[in-house]
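Single-structure report; data block below.
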Amino acid sequence: MQKIAVLGSTGSIGTSALDVISRFPDRFKVSSLSANSNTGLLSRQIKRFRPRAVSVVDKRRAREFAKTHRRLRVYEGAEGLCSMIREVEADMVVVGIVGSSALLPIMTAISRIRRIALANKEAVVMAGDIIIREARKKKVSILPIDSEHSAIFQCMASGGGSGVKKIYLTGSGGPLLKTSKKELRKVTPQMALNHPKWKMGRKISVDSATMMNKGLEVIEAHHLFGLEVKGIEVLIHPEAVVHSMVEFVDGSILAQMGPCDMRVPIQYALTYPGRDVSPVKQFNFSKIKALHFYSPDLSKFPCLEMAYEACRCGGTYPCVLNASNEIVVREFLKGRIRFTDIAKVIQRVLGLHRDSGNPGLEEILEADRWGREKTKEILNVVHS
Ligand code: MG
């Protein structure tokens, strides 16, 4: 029986992970759950999965929650989440937390848990060098859940991890693929959230609309698979059938295909290196008339170009890119800035940043704070 900690259990990845886990009652047992503030759903998950402990990041909610769940160990706040990871035994952790707040929980997990099923990309963007180095040192396996990275991971398994020439990171192009460059100014949060292929959380949906998501995924792939930026090509693939591809030195190209259902990459990470039956819909090739692939228009999606550039520069640039993006996306979702301001503000913040070179965890956290503060300063100017 494998004990699994599910972090971010009330989010899109977390609920899918629990769905997968529930189908293997004699293989997996939930040891702990964590939520940000959705204690209603967390209560229902506790009844169903009976974890030994839970953690609620919102401290006020955590205290209320503890009063009504007296028999359960309830950890509160961001520090509480790390304490739970340290103290409650698990064989594997599923990281479904969104954004940079996953970084410290991941670093804590690396010191305690042997297998990390990772859906969060922001932490890898911020501190990929450190995460990969520590994981190697501690012999911790990082199993990607992000669908593209799971696809690459699955394709690479065939080559035993070597002989890779390049990877093709595919993306559907998001909800604004057909929107003209001129019309982008008028894009509302509602429009940006309306992803054609995947049902996802709000932040990642906006990132898909700006294609920042694909940009963050380029940086994520660079770290997870140890590839130079020039060996990572983004392809727009509107049908979203091919989830990514790997080209080997002998000219052979492998693709991983299937339905757009996050339970596939989640289950692969959980059952790796084996495979098992899943509830996803049978794929029907005869219904697909054609598959299209083309290069993205970087002038229409400047966030993708910025991410490439930040990855080439390295150091704390990717961290600042991510920090700034988290702030502007939040402002956009609140209706305070235009869609096209997202890229403009991040660009200005990156232009003001000075990297100190080869950052440690402290410098990364400092760059994250700096990126957020600088973004807020610039946004105040945009507002007034
Ligand atoms: Mg993805």
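Chain lettering (A, B, ...) mirrors the order of the structure tokens, residue numbering begins at 1 for each chain separately, and ligand numbering begins at 1 in order of display.
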Residues within 6 Å of ligand 1 (only C-alpha atoms and all ligand atoms), as a PyMOL selection string? chain A and resi 146-148
Using 9 Å as the limit and counting only C-alpha atoms, can you tabulate each residue of segment 183-226 of chain A that touches segment 331-354 of chain A, with its shortest atom-to-atom distance in Å and the two atoms involved, as JSON lines?
```
{"residue": "A:Leu184", "atom": "CA", "partner": "A:Thr340", "partner_atom": "CA", "distance": 6.4}
{"residue": "A:Arg185", "atom": "CA", "partner": "A:Thr340", "partner_atom": "CA", "distance": 5.4}
{"residue": "A:Lys186", "atom": "CA", "partner": "A:Phe339", "partner_atom": "CA", "distance": 7.2}
{"residue": "A:Val187", "atom": "CA", "partner": "A:Phe339", "partner_atom": "CA", "distance": 5.9}
{"residue": "A:Thr188", "atom": "CA", "partner": "A:Phe339", "partner_atom": "CA", "distance": 7.1}
{"residue": "A:Pro189", "atom": "CA", "partner": "A:Leu333", "partner_atom": "CA", "distance": 5.5}
{"residue": "A:Gln190", "atom": "CA", "partner": "A:Leu333", "partner_atom": "CA", "distance": 8.6}
{"residue": "A:Ala192", "atom": "CA", "partner": "A:Phe339", "partner_atom": "CA", "distance": 8.6}
{"residue": "A:Arg202", "atom": "CA", "partner": "A:Leu333", "partner_atom": "CA", "distance": 8.3}
{"residue": "A:Lys203", "atom": "CA", "partner": "A:Leu333", "partner_atom": "CA", "distance": 8.5}
{"residue": "A:Val206", "atom": "CA", "partner": "A:Leu333", "partner_atom": "CA", "distance": 8.3}
{"residue": "A:Thr210", "atom": "CA", "partner": "A:Ala343", "partner_atom": "CA", "distance": 8.1}
{"residue": "A:Met212", "atom": "CA", "partner": "A:Ala343", "partner_atom": "CA", "distance": 9.0}
```
Output C-alpha atoms for every residue in that selection, as a short mmCIF file (atom, residue, chain, number, x, y, z; two decimals), in the first residue's frame.
```cif
data_model
loop_
_atom_site.label_atom_id
_atom_site.label_comp_id
_atom_site.auth_asym_id
_atom_site.auth_seq_id
_atom_site.Cartn_x
_atom_site.Cartn_y
_atom_site.Cartn_z
CA LEU A 184 -6.62 41.33 -28.19
CA ARG A 185 -7.04 44.70 -26.42
CA LYS A 186 -10.71 43.94 -25.87
CA VAL A 187 -10.32 40.42 -24.47
CA THR A 188 -12.22 40.03 -21.17
CA PRO A 189 -11.44 37.57 -18.35
CA GLN A 190 -14.52 35.60 -19.43
CA ALA A 192 -9.65 34.27 -21.68
CA ARG A 202 -8.36 30.26 -13.57
CA LYS A 203 -4.70 31.21 -13.43
CA VAL A 206 -5.34 32.99 -18.51
CA THR A 210 -1.47 34.72 -23.31
CA MET A 212 2.66 32.39 -21.02
#
```
DSSP on the backbone: what in segment 222-260 of chain A comes out strand (DSSP E or B), as JSON, numbers by chain? {"A": [232, 233, 234, 235, 236, 242, 243, 244, 245, 246, 247, 248, 253, 254, 255, 256, 257]}
In segment 57-184 of chain A, what's helix (DSSP H, G or I) per DSSP? Answer as a PyMOL selection string? chain A and resi 59-68+77-87+100-112+122-137+147-157+182-184
May I have the selected residues written with C-alpha atoms, as a PDB file, in the first residue's frame?
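As a result, result23.pdb now contains:
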```
ATOM      1  CA  LYS A  59      -5.307  30.608   8.891  1.00  0.00           C
ATOM      2  CA  ARG A  60      -8.755  31.863   9.861  1.00  0.00           C
ATOM      3  CA  ARG A  61     -10.428  29.024   7.972  1.00  0.00           C
ATOM      4  CA  ALA A  62      -7.920  26.555   9.421  1.00  0.00           C
ATOM      5  CA  ARG A  63      -8.903  27.516  12.986  1.00  0.00           C
ATOM      6  CA  GLU A  64     -12.636  27.233  12.271  1.00  0.00           C
ATOM      7  CA  PHE A  65     -12.003  23.933  10.545  1.00  0.00           C
ATOM      8  CA  ALA A  66      -9.996  22.525  13.466  1.00  0.00           C
ATOM      9  CA  LYS A  67     -12.927  23.236  15.823  1.00  0.00           C
ATOM     10  CA  THR A  68     -15.278  21.066  13.795  1.00  0.00           C
ATOM     11  CA  GLY A  77      -0.805  28.447   7.290  1.00  0.00           C
ATOM     12  CA  ALA A  78       1.993  28.064   4.750  1.00  0.00           C
ATOM     13  CA  GLU A  79       4.427  26.989   7.495  1.00  0.00           C
ATOM     14  CA  GLY A  80       1.880  24.424   8.690  1.00  0.00           C
ATOM     15  CA  LEU A  81       1.802  22.880   5.240  1.00  0.00           C
ATOM     16  CA  CYS A  82       5.578  22.353   5.310  1.00  0.00           C
ATOM     17  CA  SER A  83       5.344  20.925   8.851  1.00  0.00           C
ATOM     18  CA  MET A  84       2.700  18.467   7.675  1.00  0.00           C
ATOM     19  CA  ILE A  85       4.967  17.312   4.822  1.00  0.00           C
ATOM     20  CA  ARG A  86       7.810  16.839   7.311  1.00  0.00           C
ATOM     21  CA  GLU A  87       5.766  15.059   9.980  1.00  0.00           C
ATOM     22  CA  SER A 100       5.003  30.077  -6.540  1.00  0.00           C
ATOM     23  CA  SER A 101       3.611  29.059  -3.139  1.00  0.00           C
ATOM     24  CA  ALA A 102       4.464  25.457  -4.106  1.00  0.00           C
ATOM     25  CA  LEU A 103       8.218  26.112  -3.933  1.00  0.00           C
ATOM     26  CA  LEU A 104       8.823  25.629  -0.202  1.00  0.00           C
ATOM     27  CA  PRO A 105       6.452  22.630   0.066  1.00  0.00           C
ATOM     28  CA  ILE A 106       8.353  21.014  -2.852  1.00  0.00           C
ATOM     29  CA  MET A 107      11.738  21.685  -1.232  1.00  0.00           C
ATOM     30  CA  THR A 108      10.409  20.201   2.023  1.00  0.00           C
ATOM     31  CA  ALA A 109       9.012  17.173   0.173  1.00  0.00           C
ATOM     32  CA  ILE A 110      12.397  16.529  -1.485  1.00  0.00           C
ATOM     33  CA  SER A 111      13.993  16.140   1.929  1.00  0.00           C
ATOM     34  CA  ARG A 112      11.352  13.619   3.126  1.00  0.00           C
ATOM     35  CA  GLU A 122       5.857  27.821 -11.392  1.00  0.00           C
ATOM     36  CA  ALA A 123       8.221  26.442  -8.738  1.00  0.00           C
ATOM     37  CA  VAL A 124      10.332  24.736 -11.421  1.00  0.00           C
ATOM     38  CA  VAL A 125      10.440  27.996 -13.382  1.00  0.00           C
ATOM     39  CA  MET A 126      11.596  29.878 -10.277  1.00  0.00           C
ATOM     40  CA  ALA A 127      14.135  27.437  -8.928  1.00  0.00           C
ATOM     41  CA  GLY A 128      14.531  24.555 -11.389  1.00  0.00           C
ATOM     42  CA  ASP A 129      18.305  24.278 -10.918  1.00  0.00           C
ATOM     43  CA  ILE A 130      17.957  23.989  -7.154  1.00  0.00           C
ATOM     44  CA  ILE A 131      14.992  21.579  -7.252  1.00  0.00           C
ATOM     45  CA  ILE A 132      16.686  19.214  -9.726  1.00  0.00           C
ATOM     46  CA  ARG A 133      20.034  19.347  -7.906  1.00  0.00           C
ATOM     47  CA  GLU A 134      18.452  18.590  -4.517  1.00  0.00           C
ATOM     48  CA  ALA A 135      16.268  15.830  -5.954  1.00  0.00           C
ATOM     49  CA  ARG A 136      19.354  14.136  -7.470  1.00  0.00           C
ATOM     50  CA  LYS A 137      21.269  14.463  -4.239  1.00  0.00           C
ATOM     51  CA  SER A 147       0.390  16.882 -19.728  1.00  0.00           C
ATOM     52  CA  GLU A 148       3.149  17.959 -22.169  1.00  0.00           C
ATOM     53  CA  HIS A 149       5.916  16.980 -19.778  1.00  0.00           C
ATOM     54  CA  SER A 150       4.265  13.684 -19.002  1.00  0.00           C
ATOM     55  CA  ALA A 151       4.105  13.099 -22.773  1.00  0.00           C
ATOM     56  CA  ILE A 152       7.825  13.860 -23.142  1.00  0.00           C
ATOM     57  CA  PHE A 153       8.624  11.711 -20.114  1.00  0.00           C
ATOM     58  CA  GLN A 154       6.641   8.808 -21.623  1.00  0.00           C
ATOM     59  CA  CYS A 155       8.347   9.185 -25.027  1.00  0.00           C
ATOM     60  CA  MET A 156      11.784   9.412 -23.440  1.00  0.00           C
ATOM     61  CA  ALA A 157      11.224   6.174 -21.542  1.00  0.00           C
ATOM     62  CA  LYS A 182      -5.961  44.132 -32.924  1.00  0.00           C
ATOM     63  CA  GLU A 183      -8.846  42.541 -31.043  1.00  0.00           C
ATOM     64  CA  LEU A 184      -6.618  41.331 -28.188  1.00  0.00           C
TER      65      LEU A 184
END
```
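When only C-alpha atoms are used to compute distances to Arg115 of chain A, the closest of the residues A:Tyr294, A:Tyr272, A:Trp370, A:Phe28 turns out to be A:Tyr272.
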Residues of segment 213-267 of chain A at most 9 Å from segment 158-165 of chain A: nearest atom pair and distance in Å, only C-alpha atoms, as a Markdown table:
```
| residue | atom | partner | partner_atom | distance |
| --- | --- | --- | --- | --- |
| A:Phe225 | CA | A:Gly161 | CA | 8.7 |
| A:Leu227 | CA | A:Val164 | CA | 9.0 |
| A:Gly231 | CA | A:Lys165 | CA | 7.0 |
| A:Val246 | CA | A:Val164 | CA | 7.0 |
| A:Glu247 | CA | A:Lys165 | CA | 5.5 |
| A:Phe248 | CA | A:Val164 | CA | 4.4 |
| A:Val249 | CA | A:Lys165 | CA | 5.0 |
| A:Asp250 | CA | A:Gly163 | CA | 7.9 |
| A:Gly251 | CA | A:Lys165 | CA | 8.4 |
| A:Leu254 | CA | A:Ser158 | CA | 8.8 |
```
Write a file of the selected residues as an mmCIF file, in the first residue's frame, keeping N, CA and C atoms.
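In the end it all went to result-v3.cif:
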```
data_model
loop_
_atom_site.group_PDB
_atom_site.id
_atom_site.type_symbol
_atom_site.label_atom_id
_atom_site.label_comp_id
_atom_site.auth_asym_id
_atom_site.auth_seq_id
_atom_site.Cartn_x
_atom_site.Cartn_y
_atom_site.Cartn_z
ATOM 1 N N PHE A 225 14.193 18.052 -18.198
ATOM 2 C CA PHE A 225 14.829 17.126 -19.141
ATOM 3 C C PHE A 225 16.258 17.537 -19.499
ATOM 4 N N LEU A 227 17.530 20.065 -21.187
ATOM 5 C CA LEU A 227 17.752 20.451 -22.586
ATOM 6 C C LEU A 227 17.994 21.949 -22.716
ATOM 7 N N GLY A 231 16.809 23.469 -28.144
ATOM 8 C CA GLY A 231 16.325 22.114 -28.397
ATOM 9 C C GLY A 231 14.857 21.922 -28.015
ATOM 10 N N VAL A 246 9.097 13.741 -28.968
ATOM 11 C CA VAL A 246 10.548 13.736 -28.764
ATOM 12 C C VAL A 246 11.214 13.242 -30.050
ATOM 13 N N GLU A 247 12.199 14.003 -30.517
ATOM 14 C CA GLU A 247 12.984 13.569 -31.673
ATOM 15 C C GLU A 247 14.322 13.047 -31.177
ATOM 16 N N PHE A 248 14.677 11.855 -31.641
ATOM 17 C CA PHE A 248 15.939 11.245 -31.217
ATOM 18 C C PHE A 248 17.028 11.482 -32.265
ATOM 19 N N VAL A 249 18.268 11.233 -31.894
ATOM 20 C CA VAL A 249 19.400 11.524 -32.776
ATOM 21 C C VAL A 249 19.381 10.692 -34.064
ATOM 22 N N ASP A 250 18.677 9.566 -34.027
ATOM 23 C CA ASP A 250 18.617 8.730 -35.236
ATOM 24 C C ASP A 250 17.524 9.197 -36.205
ATOM 25 N N GLY A 251 16.831 10.290 -35.870
ATOM 26 C CA GLY A 251 15.804 10.821 -36.765
ATOM 27 C C GLY A 251 14.410 10.326 -36.456
ATOM 28 N N LEU A 254 8.981 10.276 -31.600
ATOM 29 C CA LEU A 254 7.882 9.628 -30.884
ATOM 30 C C LEU A 254 6.922 10.679 -30.360
#
```
Compile the contact shell of Leu235 of chain A as a VMD selection string: residues with an atom at most 10 Å away, counting only C-alpha atoms, same-chain residues fewer than 3 positions apart removed. chain A and resid 168 to 173 214 232 238 244 292 to 296
Save out the residues we just selected, all heavy atoms, as a compact mmCIF listing (two decimals), in the first residue's frame.
```txt
# COMPACT_ATOMS: atom_id res chain seq x y z
N TYR A 168 9.39 18.62 -29.06
CA TYR A 168 8.34 19.48 -29.58
C TYR A 168 7.27 19.59 -28.50
O TYR A 168 6.63 18.59 -28.15
CB TYR A 168 7.72 18.89 -30.85
CG TYR A 168 8.70 18.74 -31.98
CD1 TYR A 168 9.43 17.57 -32.15
CD2 TYR A 168 8.91 19.80 -32.88
CE1 TYR A 168 10.34 17.43 -33.19
CE2 TYR A 168 9.82 19.67 -33.92
CZ TYR A 168 10.53 18.48 -34.06
OH TYR A 168 11.43 18.36 -35.09
N LEU A 169 7.12 20.80 -28.00
CA LEU A 169 6.12 21.07 -26.97
C LEU A 169 4.88 21.57 -27.68
O LEU A 169 4.89 22.66 -28.26
CB LEU A 169 6.69 22.16 -26.07
CG LEU A 169 6.33 22.22 -24.61
CD1 LEU A 169 6.72 20.94 -23.88
CD2 LEU A 169 7.02 23.40 -23.96
N THR A 170 3.82 20.78 -27.68
CA THR A 170 2.63 21.21 -28.40
C THR A 170 1.67 21.97 -27.49
O THR A 170 1.65 21.77 -26.28
CB THR A 170 1.88 20.00 -28.99
OG1 THR A 170 1.60 19.09 -27.94
CG2 THR A 170 2.69 19.32 -30.07
N GLY A 171 0.90 22.84 -28.10
CA GLY A 171 -0.13 23.59 -27.36
C GLY A 171 -1.28 23.86 -28.30
O GLY A 171 -1.07 24.10 -29.49
N SER A 172 -2.49 23.84 -27.75
CA SER A 172 -3.66 24.03 -28.62
C SER A 172 -3.74 25.46 -29.14
O SER A 172 -4.47 25.74 -30.09
CB SER A 172 -4.93 23.70 -27.84
OG SER A 172 -5.10 24.67 -26.82
N GLY A 173 -2.99 26.38 -28.51
CA GLY A 173 -3.06 27.79 -28.92
C GLY A 173 -4.03 28.58 -28.06
O GLY A 173 -4.11 29.79 -28.17
N LYS A 214 2.66 28.21 -22.13
CA LYS A 214 3.60 27.45 -22.97
C LYS A 214 5.02 27.92 -22.67
O LYS A 214 5.97 27.13 -22.67
CB LYS A 214 3.23 27.65 -24.43
CG LYS A 214 3.41 26.48 -25.37
CD LYS A 214 3.03 25.12 -24.83
CE LYS A 214 1.56 24.94 -24.57
NZ LYS A 214 1.25 23.60 -24.02
N ILE A 232 14.17 23.03 -27.71
CA ILE A 232 12.75 22.94 -27.32
C ILE A 232 11.93 23.80 -28.27
O ILE A 232 12.07 25.02 -28.28
CB ILE A 232 12.53 23.42 -25.86
CG1 ILE A 232 13.46 22.69 -24.90
CG2 ILE A 232 11.06 23.24 -25.46
CD1 ILE A 232 13.52 23.28 -23.50
N PRO A 238 -3.90 22.72 -32.83
CA PRO A 238 -5.25 23.03 -32.35
C PRO A 238 -6.07 21.80 -31.94
O PRO A 238 -6.92 21.90 -31.05
CB PRO A 238 -5.92 23.73 -33.54
CG PRO A 238 -4.80 24.17 -34.41
CD PRO A 238 -3.69 23.22 -34.20
N SER A 244 2.78 16.04 -26.92
CA SER A 244 4.16 16.49 -27.14
C SER A 244 4.93 15.37 -27.82
O SER A 244 4.41 14.25 -27.92
CB SER A 244 4.88 16.92 -25.86
OG SER A 244 4.53 18.27 -25.58
N HIS A 292 -3.06 19.34 -37.34
CA HIS A 292 -2.30 20.49 -37.83
C HIS A 292 -1.20 20.88 -36.84
O HIS A 292 -1.41 20.79 -35.63
CB HIS A 292 -3.22 21.68 -38.06
CG HIS A 292 -4.26 21.44 -39.09
ND1 HIS A 292 -5.46 20.83 -38.80
CD2 HIS A 292 -4.26 21.70 -40.42
CE1 HIS A 292 -6.17 20.73 -39.90
NE2 HIS A 292 -5.47 21.24 -40.91
N PHE A 293 -0.09 21.32 -37.39
CA PHE A 293 1.02 21.81 -36.56
C PHE A 293 1.59 23.06 -37.21
O PHE A 293 1.85 23.05 -38.41
CB PHE A 293 2.13 20.76 -36.46
CG PHE A 293 1.68 19.47 -35.84
CD1 PHE A 293 1.22 18.42 -36.63
CD2 PHE A 293 1.70 19.30 -34.46
CE1 PHE A 293 0.80 17.22 -36.06
CE2 PHE A 293 1.28 18.09 -33.89
CZ PHE A 293 0.82 17.06 -34.68
N TYR A 294 1.72 24.13 -36.46
CA TYR A 294 2.45 25.28 -36.99
C TYR A 294 3.12 26.10 -35.88
O TYR A 294 2.82 25.94 -34.71
CB TYR A 294 1.57 26.16 -37.88
CG TYR A 294 0.23 26.55 -37.32
CD1 TYR A 294 0.07 27.72 -36.60
CD2 TYR A 294 -0.88 25.72 -37.51
CE1 TYR A 294 -1.16 28.07 -36.10
CE2 TYR A 294 -2.12 26.07 -37.00
CZ TYR A 294 -2.25 27.24 -36.28
OH TYR A 294 -3.46 27.58 -35.77
N SER A 295 4.05 26.97 -36.30
CA SER A 295 4.80 27.77 -35.33
C SER A 295 3.93 28.90 -34.81
O SER A 295 3.16 29.48 -35.55
CB SER A 295 6.05 28.35 -35.98
OG SER A 295 6.88 27.30 -36.39
N PRO A 296 4.07 29.23 -33.52
CA PRO A 296 3.26 30.31 -32.96
C PRO A 296 3.69 31.69 -33.47
O PRO A 296 4.85 31.89 -33.81
CB PRO A 296 3.52 30.20 -31.45
CG PRO A 296 4.81 29.47 -31.33
CD PRO A 296 4.93 28.58 -32.51
```
Residues within 8 Å of Met306 of chain A, please, as a compact mmCIF listing (two decimals) with C-alpha atoms, in the first residue's frame. Count only C-alpha atoms; anything in the same chain fewer than 4 positions from it doesn't count.
```
# COMPACT_ATOMS: atom_id res chain seq x y z
CA GLY A 215 6.50 29.77 -22.12
CA PRO A 302 4.88 38.24 -26.66
CA ALA A 310 14.20 34.67 -19.58
CA GLN A 347 8.30 43.31 -20.04
```
Go through A:Gln267, A:Ser43, A:Thr316, A:Asn213 one by one, measure the shortest atom-to-atom distance of each to Pro144 of chain A using only C-alpha atoms, and give the residue with the smallest value.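 With only C-alpha atoms as the atom set, the closest residue is A:Gln267.
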